[in-house]
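See below for model21.cif, which holds mmCIF, C-alpha atoms.
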```cif
data_coords
loop_
_atom_site.group_PDB
_atom_site.id
_atom_site.type_symbol
_atom_site.label_atom_id
_atom_site.label_comp_id
_atom_site.auth_asym_id
_atom_site.auth_seq_id
_atom_site.Cartn_x
_atom_site.Cartn_y
_atom_site.Cartn_z
ATOM 1 C CA MET A 1 95.603 77.464 78.809
ATOM 2 C CA ASN A 2 95.471 81.250 78.492
ATOM 3 C CA ALA A 3 91.775 81.173 77.724
ATOM 4 C CA ILE A 4 91.058 79.061 80.826
ATOM 5 C CA GLY A 5 93.026 81.434 83.059
ATOM 6 C CA ALA A 6 91.296 84.488 81.629
ATOM 7 C CA GLY A 7 87.904 82.860 82.082
ATOM 8 C CA ILE A 8 88.621 81.907 85.694
ATOM 9 C CA SER A 9 89.876 85.396 86.558
ATOM 10 C CA ILE A 10 86.834 87.246 85.222
ATOM 11 C CA ALA A 11 84.402 84.596 86.507
ATOM 12 C CA LEU A 12 85.640 84.778 90.118
ATOM 13 C CA ALA A 13 85.662 88.576 90.002
ATOM 14 C CA ALA A 14 82.133 88.622 88.593
ATOM 15 C CA LEU A 15 80.966 86.275 91.350
ATOM 16 C CA GLY A 16 82.335 88.446 94.137
ATOM 17 C CA VAL A 17 81.285 91.705 92.578
ATOM 18 C CA SER A 18 77.725 90.555 91.908
ATOM 19 C CA LEU A 19 77.347 89.463 95.522
ATOM 20 C CA SER A 20 78.681 92.772 96.837
ATOM 21 C CA LEU A 21 76.501 94.773 94.433
ATOM 22 C CA ALA A 22 73.521 92.803 95.706
ATOM 23 C CA ILE A 23 74.433 93.652 99.301
ATOM 24 C CA VAL A 24 74.789 97.360 98.489
ATOM 25 C CA TYR A 25 71.472 97.470 96.626
ATOM 26 C CA TYR A 26 69.668 95.495 99.319
ATOM 27 C CA LYS A 27 70.947 97.767 102.059
ATOM 28 C CA THR A 28 70.074 100.876 100.050
ATOM 29 C CA LEU A 29 66.494 99.690 99.543
ATOM 30 C CA ASP A 30 66.346 98.862 103.230
ATOM 31 C CA SER A 31 67.519 102.355 104.172
ATOM 32 C CA ILE A 32 65.113 104.015 101.729
ATOM 33 C CA THR A 33 62.139 102.191 103.221
ATOM 34 C CA ARG A 34 63.290 103.232 106.686
ATOM 35 C CA GLN A 35 63.925 106.880 105.795
ATOM 36 C CA PRO A 36 62.120 107.737 102.540
ATOM 37 C CA ASP A 37 62.896 111.458 102.830
ATOM 38 C CA MET A 38 66.644 110.834 102.386
ATOM 39 C CA VAL A 39 66.320 109.092 99.010
ATOM 40 C CA GLY A 40 68.574 111.606 97.266
ATOM 41 C CA THR A 41 71.512 111.077 99.642
ATOM 42 C CA PHE A 42 71.142 107.317 99.517
ATOM 43 C CA ARG A 43 71.022 107.273 95.733
ATOM 44 C CA VAL A 44 74.240 109.288 95.381
ATOM 45 C CA LEU A 45 76.042 107.144 97.967
ATOM 46 C CA MET A 46 74.775 103.976 96.284
ATOM 47 C CA PHE A 47 76.134 105.026 92.894
ATOM 48 C CA ILE A 48 79.502 105.931 94.406
ATOM 49 C CA GLY A 49 79.648 102.494 96.041
ATOM 50 C CA PHE A 50 78.600 100.857 92.773
ATOM 51 C CA ALA A 51 81.440 102.558 90.917
ATOM 52 C CA PHE A 52 83.983 101.413 93.520
ATOM 53 C CA ILE A 53 82.800 97.817 93.486
ATOM 54 C CA GLU A 54 82.384 97.673 89.729
ATOM 55 C CA ALA A 55 85.995 98.793 89.298
ATOM 56 C CA ILE A 56 87.172 95.531 90.893
ATOM 57 C CA ALA A 57 85.491 93.479 88.178
ATOM 58 C CA LEU A 58 87.039 95.776 85.598
ATOM 59 C CA TYR A 59 90.529 95.181 87.055
ATOM 60 C CA ALA A 60 89.888 91.486 86.509
ATOM 61 C CA LEU A 61 88.630 92.199 82.996
ATOM 62 C CA VAL A 62 91.848 94.087 82.164
ATOM 63 C CA VAL A 63 93.903 91.262 83.689
ATOM 64 C CA SER A 64 92.044 88.643 81.668
ATOM 65 C CA PHE A 65 92.504 90.675 78.475
ATOM 66 C CA SER A 66 96.225 90.876 79.138
ATOM 67 C CA ILE A 67 96.341 87.121 79.879
ATOM 68 C CA ILE A 68 94.658 86.389 76.549
ATOM 69 C CA ASN A 69 96.970 88.735 74.644
ATOM 70 C CA SER A 70 100.166 87.469 76.316
ATOM 71 C CA MET B 1 99.975 97.457 80.005
ATOM 72 C CA ALA B 2 99.889 94.581 77.603
ATOM 73 C CA ALA B 3 96.153 94.898 76.997
ATOM 74 C CA GLU B 4 96.581 98.365 75.537
ATOM 75 C CA HIS B 5 96.656 98.526 71.754
ATOM 76 C CA ALA B 6 99.464 100.376 70.023
ATOM 77 C CA PRO B 7 98.716 104.097 69.700
ATOM 78 C CA THR B 8 97.926 105.553 66.289
ATOM 79 C CA VAL B 9 100.752 107.918 65.415
ATOM 80 C CA LEU B 10 99.616 110.998 63.530
ATOM 81 C CA MET B 11 102.952 112.820 63.288
ATOM 82 C CA HIS B 12 106.441 111.506 63.988
ATOM 83 C CA TRP B 13 108.567 113.757 66.146
ATOM 84 C CA SER B 14 111.613 113.016 68.265
ATOM 85 C CA VAL B 15 113.523 115.307 70.597
ATOM 86 C CA TYR B 16 117.151 114.266 71.293
ATOM 87 C CA GLY B 17 116.307 110.657 70.444
ATOM 88 C CA GLN B 18 113.279 110.717 72.728
ATOM 89 C CA ASP B 19 110.080 109.645 70.972
ATOM 90 C CA MET B 20 107.610 112.534 71.277
ATOM 91 C CA SER B 21 105.322 111.607 68.364
ATOM 92 C CA VAL B 22 101.880 113.177 68.257
ATOM 93 C CA THR B 23 99.468 110.282 68.709
ATOM 94 C CA LYS B 24 95.709 110.265 68.360
ATOM 95 C CA THR B 25 95.380 110.348 72.155
ATOM 96 C CA ILE B 26 97.366 113.588 72.366
ATOM 97 C CA ALA B 27 95.434 115.164 69.499
ATOM 98 C CA VAL B 28 92.123 114.291 71.174
ATOM 99 C CA MET B 29 93.416 115.743 74.453
ATOM 100 C CA TRP B 30 94.235 119.004 72.684
ATOM 101 C CA GLY B 31 90.731 118.974 71.248
ATOM 102 C CA VAL B 32 89.263 118.404 74.708
ATOM 103 C CA CYS B 33 91.297 121.311 76.080
ATOM 104 C CA ALA B 34 90.028 123.523 73.256
ATOM 105 C CA VAL B 35 86.408 122.472 73.856
ATOM 106 C CA VAL B 36 86.568 123.058 77.631
ATOM 107 C CA PHE B 37 88.326 126.397 77.180
ATOM 108 C CA SER B 38 85.914 127.656 74.525
ATOM 109 C CA PHE B 39 82.941 126.475 76.608
ATOM 110 C CA LEU B 40 84.135 128.489 79.608
ATOM 111 C CA PHE B 41 85.138 131.422 77.362
ATOM 112 C CA LEU B 42 81.757 131.555 75.602
ATOM 113 C CA ALA B 43 80.072 131.753 79.003
ATOM 114 C CA ASN B 44 81.266 135.367 79.108
ATOM 115 C CA PHE B 45 79.090 136.265 76.122
ATOM 116 C CA PHE B 46 76.037 134.009 76.048
ATOM 117 C CA LYS B 47 73.516 133.849 78.825
ATOM 118 C CA SER B 48 72.449 130.264 78.086
ATOM 119 C CA VAL B 49 76.049 128.987 78.239
ATOM 120 C CA ARG B 50 76.561 130.924 81.459
ATOM 121 C CA ARG B 51 73.554 129.208 82.980
ATOM 122 C CA VAL B 52 75.032 125.771 82.209
ATOM 123 C CA GLU B 53 78.390 126.921 83.582
ATOM 124 C CA ARG B 54 76.819 128.171 86.827
ATOM 125 C CA PHE B 55 74.948 124.884 87.233
ATOM 126 C CA LEU B 56 78.175 122.893 86.741
ATOM 127 C CA PHE B 57 80.181 125.085 89.111
ATOM 128 C CA ASP B 58 77.530 124.929 91.813
ATOM 129 C CA PHE B 59 77.517 121.145 91.457
ATOM 130 C CA ILE B 60 81.319 120.936 91.726
ATOM 131 C CA GLN B 61 81.334 123.347 94.667
ATOM 132 C CA ASP B 62 78.712 121.320 96.531
ATOM 133 C CA ALA B 63 80.168 117.915 95.728
ATOM 134 C CA PHE B 64 83.918 118.361 96.124
ATOM 135 C CA ALA B 65 85.104 121.725 97.365
ATOM 136 C CA SER B 66 82.857 121.569 100.423
ATOM 137 C CA SER B 67 84.561 118.344 101.530
ATOM 138 C CA LEU B 68 87.857 120.235 101.719
ATOM 139 C CA HIS B 69 86.493 122.454 104.537
ATOM 140 C CA THR B 70 88.013 125.508 102.953
ATOM 141 C CA LYS B 71 86.772 128.483 101.008
ATOM 142 C CA LYS B 72 90.009 128.896 99.060
ATOM 143 C CA THR B 73 89.199 129.238 95.375
ATOM 144 C CA ILE B 74 92.475 127.589 94.302
ATOM 145 C CA TRP B 75 91.148 124.149 95.262
ATOM 146 C CA PHE B 76 87.885 124.815 93.523
ATOM 147 C CA SER B 77 89.696 125.690 90.301
ATOM 148 C CA PHE B 78 91.918 122.610 90.523
ATOM 149 C CA LEU B 79 88.983 120.249 91.145
ATOM 150 C CA ALA B 80 86.817 121.905 88.479
ATOM 151 C CA THR B 81 89.639 121.605 85.948
ATOM 152 C CA LEU B 82 90.157 117.951 86.862
ATOM 153 C CA PHE B 83 86.450 117.123 86.659
ATOM 154 C CA LEU B 84 85.763 118.904 83.363
ATOM 155 C CA PHE B 85 88.919 117.531 81.722
ATOM 156 C CA ILE B 86 88.260 113.933 82.753
ATOM 157 C CA PHE B 87 84.566 114.113 81.876
ATOM 158 C CA PHE B 88 85.181 115.494 78.390
ATOM 159 C CA CYS B 89 88.027 113.003 77.861
ATOM 160 C CA ASN B 90 85.706 110.129 78.804
ATOM 161 C CA VAL B 91 82.875 111.374 76.587
ATOM 162 C CA SER B 92 85.172 111.960 73.592
ATOM 163 C CA GLY B 93 85.522 108.186 73.257
ATOM 164 C CA LEU B 94 81.912 108.063 72.059
ATOM 165 C CA ILE B 95 82.567 110.338 69.074
ATOM 166 C CA PRO B 96 83.265 108.423 65.841
ATOM 167 C CA PHE B 97 86.940 108.335 64.704
ATOM 168 C CA SER B 98 87.953 109.576 68.124
ATOM 169 C CA GLU B 99 89.207 107.744 71.186
ATOM 170 C CA SER B 100 89.143 108.609 74.834
ATOM 171 C CA PRO B 101 92.528 109.706 76.201
ATOM 172 C CA THR B 102 91.541 108.281 79.609
ATOM 173 C CA GLY B 103 91.417 104.848 77.942
ATOM 174 C CA SER B 104 95.227 104.996 77.924
ATOM 175 C CA ILE B 105 97.040 104.115 81.149
ATOM 176 C CA SER B 106 99.716 106.791 80.676
ATOM 177 C CA VAL B 107 97.184 109.651 80.795
ATOM 178 C CA THR B 108 95.397 108.408 83.911
ATOM 179 C CA ALA B 109 98.701 107.534 85.602
ATOM 180 C CA ALA B 110 100.008 111.051 84.975
ATOM 181 C CA MET B 111 96.899 112.586 86.558
ATOM 182 C CA ALA B 112 96.970 110.183 89.518
ATOM 183 C CA VAL B 113 100.651 110.896 90.206
ATOM 184 C CA LEU B 114 99.890 114.623 90.004
ATOM 185 C CA VAL B 115 97.147 114.222 92.629
ATOM 186 C CA PHE B 116 99.444 112.099 94.821
ATOM 187 C CA LEU B 117 102.319 114.606 94.693
ATOM 188 C CA LEU B 118 99.913 117.467 95.335
ATOM 189 C CA ALA B 119 98.491 115.712 98.408
ATOM 190 C CA GLN B 120 102.003 115.086 99.778
ATOM 191 C CA ALA B 121 102.984 118.711 99.080
ATOM 192 C CA VAL B 122 99.870 119.971 100.880
ATOM 193 C CA GLY B 123 100.646 117.711 103.839
ATOM 194 C CA VAL B 124 104.215 119.010 104.078
ATOM 195 C CA TYR B 125 103.026 122.612 103.640
ATOM 196 C CA CYS B 126 100.432 122.301 106.411
ATOM 197 C CA HIS B 127 102.396 120.222 108.946
ATOM 198 C CA GLY B 128 106.067 120.235 107.986
ATOM 199 C CA PHE B 129 107.783 117.167 109.426
ATOM 200 C CA GLY B 130 104.550 116.444 111.288
ATOM 201 C CA HIS B 131 103.243 115.112 107.965
ATOM 202 C CA LEU B 132 105.163 111.906 108.749
ATOM 203 C CA LYS B 133 102.691 111.384 111.586
ATOM 204 C CA ALA B 134 100.154 110.422 108.922
ATOM 205 C CA LEU B 135 102.028 107.113 108.692
ATOM 206 C CA VAL B 136 101.403 106.344 112.381
ATOM 207 C CA PRO B 137 97.761 105.750 113.315
ATOM 208 C CA SER B 138 96.968 107.041 116.795
ATOM 209 C CA GLY B 139 96.318 104.550 119.604
ATOM 210 C CA ILE B 140 98.704 101.878 118.309
ATOM 211 C CA PRO B 141 100.960 100.180 120.914
ATOM 212 C CA TRP B 142 104.613 100.806 120.047
ATOM 213 C CA PRO B 143 105.656 97.131 119.439
ATOM 214 C CA MET B 144 103.245 97.113 116.504
ATOM 215 C CA LEU B 145 104.895 100.108 114.811
ATOM 216 C CA PRO B 146 107.480 98.185 112.696
ATOM 217 C CA PHE B 147 104.568 96.287 111.098
ATOM 218 C CA ILE B 148 102.126 99.166 110.814
ATOM 219 C CA ILE B 149 104.433 101.752 109.226
ATOM 220 C CA PRO B 150 105.333 99.690 106.095
ATOM 221 C CA LEU B 151 101.645 98.867 105.685
ATOM 222 C CA GLU B 152 100.738 102.552 105.865
ATOM 223 C CA ILE B 153 103.460 103.420 103.329
ATOM 224 C CA ILE B 154 102.139 100.742 100.977
ATOM 225 C CA SER B 155 98.571 101.978 101.388
ATOM 226 C CA GLN B 156 99.714 105.535 100.617
ATOM 227 C CA LEU B 157 101.509 104.345 97.471
ATOM 228 C CA ALA B 158 98.549 102.190 96.415
ATOM 229 C CA ARG B 159 96.320 105.275 96.230
ATOM 230 C CA PRO B 160 97.649 106.739 92.933
ATOM 231 C CA PHE B 161 97.865 103.241 91.473
ATOM 232 C CA SER B 162 94.221 102.412 92.209
ATOM 233 C CA LEU B 163 93.180 105.914 91.095
ATOM 234 C CA ALA B 164 94.885 105.444 87.722
ATOM 235 C CA VAL B 165 93.825 101.851 87.125
ATOM 236 C CA ARG B 166 90.180 102.486 88.121
ATOM 237 C CA LEU B 167 89.681 105.201 85.513
ATOM 238 C CA PHE B 168 91.714 103.374 82.855
ATOM 239 C CA ALA B 169 89.981 100.028 83.406
ATOM 240 C CA ASN B 170 86.512 101.566 83.260
ATOM 241 C CA MET B 171 87.169 103.334 79.965
ATOM 242 C CA PHE B 172 89.147 100.475 78.415
ATOM 243 C CA ALA B 173 86.693 97.768 79.446
ATOM 244 C CA GLY B 174 83.658 99.760 78.286
ATOM 245 C CA HIS B 175 85.178 100.264 74.856
ATOM 246 C CA SER B 176 86.303 96.634 74.603
ATOM 247 C CA VAL B 177 82.802 95.369 75.380
ATOM 248 C CA MET B 178 81.360 97.745 72.779
ATOM 249 C CA LEU B 179 83.930 96.492 70.245
ATOM 250 C CA ILE B 180 82.915 92.875 70.952
ATOM 251 C CA PHE B 181 79.250 93.766 70.393
ATOM 252 C CA LEU B 182 80.165 95.493 67.112
ATOM 253 C CA GLY B 183 81.988 92.317 66.100
ATOM 254 C CA LEU B 184 78.827 90.334 66.838
ATOM 255 C CA ILE B 185 76.923 92.501 64.329
ATOM 256 C CA SER B 186 79.175 91.455 61.471
ATOM 257 C CA ALA B 187 79.358 87.883 62.778
ATOM 258 C CA ALA B 188 75.574 87.386 62.702
ATOM 259 C CA THR B 189 74.627 85.462 59.556
ATOM 260 C CA PHE B 190 70.861 85.923 59.727
ATOM 261 C CA PRO B 191 70.132 89.612 58.924
ATOM 262 C CA LEU B 192 67.385 90.064 61.525
ATOM 263 C CA LEU B 193 69.706 88.753 64.247
ATOM 264 C CA LYS B 194 71.987 91.749 63.635
ATOM 265 C CA LEU B 195 69.402 93.893 65.430
ATOM 266 C CA LEU B 196 70.156 92.304 68.806
ATOM 267 C CA PRO B 197 73.832 93.316 69.108
ATOM 268 C CA PHE B 198 72.928 96.664 67.536
ATOM 269 C CA ALA B 199 70.462 97.323 70.347
ATOM 270 C CA GLY B 200 73.157 96.210 72.764
ATOM 271 C CA VAL B 201 75.597 98.765 71.317
ATOM 272 C CA VAL B 202 73.001 101.550 71.603
ATOM 273 C CA LEU B 203 72.282 100.663 75.237
ATOM 274 C CA LEU B 204 75.997 100.363 76.033
ATOM 275 C CA SER B 205 76.644 103.801 74.518
ATOM 276 C CA MET B 206 74.038 105.316 76.845
ATOM 277 C CA PHE B 207 75.590 103.432 79.756
ATOM 278 C CA GLU B 208 79.019 104.746 78.732
ATOM 279 C CA ILE B 209 77.831 108.362 79.120
ATOM 280 C CA PHE B 210 76.704 107.504 82.648
ATOM 281 C CA VAL B 211 80.009 105.731 83.402
ATOM 282 C CA ALA B 212 81.948 108.705 82.014
ATOM 283 C CA PHE B 213 80.179 111.020 84.446
ATOM 284 C CA ILE B 214 80.466 108.652 87.436
ATOM 285 C CA GLN B 215 84.168 107.976 86.887
ATOM 286 C CA ALA B 216 84.997 111.671 86.496
ATOM 287 C CA PHE B 217 83.044 112.263 89.708
ATOM 288 C CA ILE B 218 84.847 109.448 91.571
ATOM 289 C CA PHE B 219 88.295 110.564 90.452
ATOM 290 C CA THR B 220 87.678 114.162 91.532
ATOM 291 C CA TYR B 221 85.990 113.084 94.763
ATOM 292 C CA LEU B 222 88.951 110.883 95.726
ATOM 293 C CA ALA B 223 91.393 113.646 94.771
ATOM 294 C CA SER B 224 89.589 116.080 97.067
ATOM 295 C CA PHE B 225 89.464 113.429 99.788
ATOM 296 C CA TYR B 226 93.209 112.710 99.565
ATOM 297 C CA ILE B 227 94.087 116.403 99.621
ATOM 298 C CA SER B 228 91.848 117.151 102.608
ATOM 299 C CA ASP B 229 93.159 114.019 104.339
ATOM 300 C CA ALA B 230 96.719 115.303 103.940
ATOM 301 C CA ALA B 231 95.701 118.816 105.038
ATOM 302 C CA HIS B 232 93.884 117.973 108.250
ATOM 303 C CA GLY B 233 93.409 114.255 108.746
ATOM 304 C CA ALA B 234 94.976 111.957 111.383
ATOM 305 C CA HIS B 235 96.938 114.769 113.041
#
```
This entry written out as structure tokens:
Amino acid sequence: MNAIGAGISIALAALGVSLSLAIVYYKTLDSITRQPDMVGTFRVLMFIGFAFIEAIALYALVVSFSIINS
Amino acid sequence: MAAEHAPTVLMHWSVYGQDMSVTKTIAVMWGVCAVVFSFLFLANFFKSVRRVERFLFDFIQDAFASSLHTKKTIWFSFLATLFLFIFFCNVSGLIPFSESPTGSISVTAAMAVLVFLLAQAVGVYCHGFGHLKALVPSGIPWPMLPFIIPLEIISQLARPFSLAVRLFANMFAGHSVMLIFLGLISAATFPLLKLLPFAGVVLLSMFEIFVAFIQAFIFTYLASFYISDAAHGAH
């Protein structure tokens, strides 16, 4: 039962996070093609957004680890 | 947190029944303090070290201190200390027989609570009782206030929590994934297959250096944002 719960938690988080990462990357590429001279700004902002979004999946990873260990 | 493994105790020590044992995490933190201090101290004597130091300080000044809209050096020193300490703590997890102190929830929680209290203190210092106005967004009709104010209090209290858990989860999860890959090396029965998880570990280690930098950056960036928000935001 624990294993199923842990799997569901990380799977749902991975689904949402992958979709949002795709949106961020898509929009960044879009902006770069529109304004190629601002690549540096876009890249920094993209990585900051990546770190924020990625953290959500890692919350789920920590939760699923604690479910497995409980 | 239940996911955290028990700390390795190096030296038992108790003060008035309170457990104050020196664990591996604390020893590594002392080492990180020594490394950061000696790095900044050596910059007084060696030109090459000074060049690296100037590059780092210019980066920190551009990235964080400028978002505070102030030239006061006290904020620069606080943010630089925070950034260098967190970055070296994150990187120290990649050294063999060491572990990263930021992979322990107590360390990150202590730093997040420090940032939270500092932001509140700055808000009170700058606005006095007017700091309470931060809980009331402007342009809200008054019947909504009983619902908005608890939400704002919760969102204020969620800040240190998310700050602590973000850093902790990144470090903890990175190391757990690396540990799983290391387990795959010994689990592989066919010798040539051991190369695959080994390559994975090498790639993950490189990725960990990147994550260490990004997470130190994010933590310091959010700290500077919270402090500047308390100093002159929403008033």
Worksheet entry | Residue contacts of region 43-50 of chain A (12 Å, all atoms listed in the file) excluding same-chain residues fewer than 3 positions away, as a ChimeraX atom specification | /A:17-29,31-32,36-40,53-57 /B:63,210-211,213-222
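Between CA of Thr23 (chain B) and CA of Leu79 (chain B) there is a distance of 26.7 Å.
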Discussion item. With 10 Å as the limit and counting all atoms listed in the file, what residues in chain B lie close to chain A? Please list them as a PyMOL selection string.
Written reply: chain B and resi 1-4+162+165-174+176+211+214-215+217-218+221
Residues from last step as file, C-alpha atoms, as a PDB file, in the frame of the given file:
```pdb
ATOM      1  CA  MET B   1      99.975  97.457  80.005  1.00  0.00           C
ATOM      2  CA  ALA B   2      99.889  94.581  77.603  1.00  0.00           C
ATOM      3  CA  ALA B   3      96.153  94.898  76.997  1.00  0.00           C
ATOM      4  CA  GLU B   4      96.581  98.365  75.537  1.00  0.00           C
ATOM      5  CA  SER B 162      94.221 102.412  92.209  1.00  0.00           C
ATOM      6  CA  VAL B 165      93.825 101.851  87.125  1.00  0.00           C
ATOM      7  CA  ARG B 166      90.180 102.486  88.121  1.00  0.00           C
ATOM      8  CA  LEU B 167      89.681 105.201  85.513  1.00  0.00           C
ATOM      9  CA  PHE B 168      91.714 103.374  82.855  1.00  0.00           C
ATOM     10  CA  ALA B 169      89.981 100.028  83.406  1.00  0.00           C
ATOM     11  CA  ASN B 170      86.512 101.566  83.260  1.00  0.00           C
ATOM     12  CA  MET B 171      87.169 103.334  79.965  1.00  0.00           C
ATOM     13  CA  PHE B 172      89.147 100.475  78.415  1.00  0.00           C
ATOM     14  CA  ALA B 173      86.693  97.768  79.446  1.00  0.00           C
ATOM     15  CA  GLY B 174      83.658  99.760  78.286  1.00  0.00           C
ATOM     16  CA  SER B 176      86.303  96.634  74.603  1.00  0.00           C
ATOM     17  CA  VAL B 211      80.009 105.731  83.402  1.00  0.00           C
ATOM     18  CA  ILE B 214      80.466 108.652  87.436  1.00  0.00           C
ATOM     19  CA  GLN B 215      84.168 107.976  86.887  1.00  0.00           C
ATOM     20  CA  PHE B 217      83.044 112.263  89.708  1.00  0.00           C
ATOM     21  CA  ILE B 218      84.847 109.448  91.571  1.00  0.00           C
ATOM     22  CA  TYR B 221      85.990 113.084  94.763  1.00  0.00           C
TER      23      TYR B 221
END
```
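Residue nearest Phe116 (chain B) within the list B:Asn44, B:Ser186, B:Ser138, B:Gln156: B:Gln156 [criterion: smallest interatomic distance, only C-alpha atoms].
CA of Gly31 (chain B) to CA of Thr8 (chain B) spans 16.0 Å [interatomic distance, one decimal].
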Practice prompt. Specify as a PyMOL selection string each residue included when the PyMOL selection byres ((chain B and resi 29) around 12) is applied to this file.
Written response: chain B and resi 22-28+30-36+85-93+98-104+107
Could you take the residues named above and write them with C-alpha atoms, as a CSV table (one decimal), in the frame of the given file?
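What landed in part_1.csv:
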```
chain,number,residue,atom,x,y,z
B,22,VAL,CA,101.9,113.2,68.3
B,23,THR,CA,99.5,110.3,68.7
B,24,LYS,CA,95.7,110.3,68.4
B,25,THR,CA,95.4,110.3,72.2
B,26,ILE,CA,97.4,113.6,72.4
B,27,ALA,CA,95.4,115.2,69.5
B,28,VAL,CA,92.1,114.3,71.2
B,30,TRP,CA,94.2,119.0,72.7
B,31,GLY,CA,90.7,119.0,71.2
B,32,VAL,CA,89.3,118.4,74.7
B,33,CYS,CA,91.3,121.3,76.1
B,34,ALA,CA,90.0,123.5,73.3
B,35,VAL,CA,86.4,122.5,73.9
B,36,VAL,CA,86.6,123.1,77.6
B,85,PHE,CA,88.9,117.5,81.7
B,86,ILE,CA,88.3,113.9,82.8
B,87,PHE,CA,84.6,114.1,81.9
B,88,PHE,CA,85.2,115.5,78.4
B,89,CYS,CA,88.0,113.0,77.9
B,90,ASN,CA,85.7,110.1,78.8
B,91,VAL,CA,82.9,111.4,76.6
B,92,SER,CA,85.2,112.0,73.6
B,93,GLY,CA,85.5,108.2,73.3
B,98,SER,CA,88.0,109.6,68.1
B,99,GLU,CA,89.2,107.7,71.2
B,100,SER,CA,89.1,108.6,74.8
B,101,PRO,CA,92.5,109.7,76.2
B,102,THR,CA,91.5,108.3,79.6
B,103,GLY,CA,91.4,104.8,77.9
B,104,SER,CA,95.2,105.0,77.9
B,107,VAL,CA,97.2,109.7,80.8
```
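Between CA of Pro197 (chain B) and CA of Pro7 (chain B) lies a distance of 27.1 Å.
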Discussion item. Please expand the PyMOL selection byres ((chain B and resi 120-133) around 9) into the concrete residues it hits in this file, giving the result as number ranges by chain.
Written reply: B: 115-119, 134-138, 227-232, 234-235
Since the input lacks some atoms of region 26-38 of chain A, please model N, CA and C atoms and print them as a compact mmCIF listing (two decimals), in the coordinates of the input.
```txt
# COMPACT_ATOMS: atom_id res chain seq x y z
N TYR A 26 70.60 95.95 98.28
CA TYR A 26 69.67 95.50 99.32
C TYR A 26 69.66 96.46 100.49
N LYS A 27 70.86 96.87 100.91
CA LYS A 27 70.95 97.77 102.06
C LYS A 27 70.39 99.14 101.71
N THR A 28 70.61 99.58 100.44
CA THR A 28 70.07 100.88 100.05
C THR A 28 68.55 100.86 100.08
N LEU A 29 67.96 99.80 99.52
CA LEU A 29 66.49 99.69 99.54
C LEU A 29 65.99 99.67 100.98
N ASP A 30 66.70 98.94 101.82
CA ASP A 30 66.35 98.86 103.23
C ASP A 30 66.34 100.26 103.86
N SER A 31 67.43 101.02 103.59
CA SER A 31 67.52 102.36 104.17
C SER A 31 66.45 103.28 103.63
N ILE A 32 66.12 103.13 102.32
CA ILE A 32 65.11 104.02 101.73
C ILE A 32 63.75 103.75 102.36
N THR A 33 63.43 102.47 102.60
CA THR A 33 62.14 102.19 103.22
C THR A 33 62.11 102.69 104.67
N ARG A 34 63.28 102.71 105.32
CA ARG A 34 63.29 103.23 106.69
C ARG A 34 63.19 104.74 106.71
N GLN A 35 63.91 105.41 105.82
CA GLN A 35 63.92 106.88 105.80
C GLN A 35 63.68 107.37 104.37
N PRO A 36 62.41 107.39 103.94
CA PRO A 36 62.12 107.74 102.54
C PRO A 36 62.49 109.16 102.19
N ASP A 37 62.61 110.07 103.18
CA ASP A 37 62.90 111.46 102.83
C ASP A 37 64.37 111.69 102.51
N MET A 38 65.22 110.66 102.70
CA MET A 38 66.64 110.83 102.39
C MET A 38 67.03 110.07 101.13
```
